[in-house]
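Below is one structure, written out as structure tokens, with a few remarks after it.
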Amino acid sequence: MDNKPILIVEDDLGISESLQEYFESKGYPVFLAKHGQAALDLLEMSSTPKLGLIFLDLMMPVMDGFTFLSELLGKHPIIFAHTPIFIMSARADTQKLQIKTTGLVKKPFELEELAKIAARYCGTSARPVN
């Protein structure tokens, strides 16, 4: 069984490309979106495989992470319900999130922390989230 894909929604090109390179070297398919609207557009495509995990930045142009979560819940409730979502943020006010996510990764983060999350939710032995 193959690793499940990871969607990285991050406007900082250096961060997103570094994460893409890292996860692809570990055998994970990776999709990148530079803001929430681009991520929603990607999810609208029928060729996009079922995601195993979303890493989401909060502060982005066009559509921020807060709005993305709201839109995802409204437009794609099944994806929202069955895909683990981890916020990646340096912001201290993430407790203001009105929509529950799976977890929070504080920036700056260690790659090993993200690797453990990916192994848990996207690895070949990963179990579905209930």
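Ligands are numbered from 1 in the order shown, chains are lettered A, B, ... in the order of the structure tokens, and residues start at 1 in each chain.
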**Request:** Using DSSP on the backbone coordinates, identify all residues within stretch 17-96 of chain A classified as strand (DSSP E); present the result as a list in words.
**Result:**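 In stretch 17-96 of chain A, DSSP puts these residues in strand (DSSP E): Val30, Phe31, Leu32, Ala33, Leu53, Ile54, Phe55, Leu56, Asp57, Ile85, Phe86, Ile87, Met88 and Ser89 of chain A.
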**Asked** Could you name the residues that touch A:Leu13 at 10 Å or less, counting only C-alpha atoms, but leaving out those on the same chain fewer than 3 positions away, as an NGL selection string?
**Response** :A and (10 or 16-19 or 32-34)
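Distances here use only C-alpha atoms; by that measure, the residue among A:Gly52, A:Gly65, A:Gly74, A:Gly27 closest to A:Asp11 is A:Gly65.
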**Message:** Ranking A:Ile85, A:Ile8, A:Leu111, A:Ala39 by minimum distance to A:Met63 and counting only C-alpha atoms, which one comes first?
**Reply:**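 The shortest atom-to-atom distance to A:Met63 comes from A:Ala39.
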**Request:** Can you work out which one of A:Pro77, A:Leu7, A:Asp41, A:Tyr22 has the shortest atom-to-atom distance to A:Glu110, counting only C-alpha atoms?
**Result:**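 When distances to A:Glu110 are compared using only C-alpha atoms, the smallest one comes from A:Tyr22.
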**Complete:** With distances taken over only C-alpha atoms, the candidate from A:Cys122, A:Ile15, A:Ile6, A:Ala38 nearest A:Val62 is A:Ala38
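The gap separating atom CA of A:Leu56 from atom CA of A:Phe109 is 13.3 Å, in Å to one decimal.
With distances taken over only C-alpha atoms, A:Leu73 is the one residue among A:Leu114, A:Ala119, A:Leu73, A:Leu58 lying closest to A:Leu40.
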**Request:** Name the residues of stretch 24-124 of chain A that come out as helix (DSSP H, G or I) in a backbone DSSP run; write them as a PyMOL selection string.
**Result:** chain A and resi 24-25+36-44+65-75+77-82+93-96+111-122
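Here atom CA of A:Asn3 is placed at a distance of 28.2 Å from atom CA of A:Ala90.
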**Asked** Between A:Thr67, A:Val9, A:Gly14, A:His82, which has the minimum distance to A:Leu42 (counting only C-alpha atoms)?
**Response**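 Closest to A:Leu42, using only C-alpha atoms: A:Val9.
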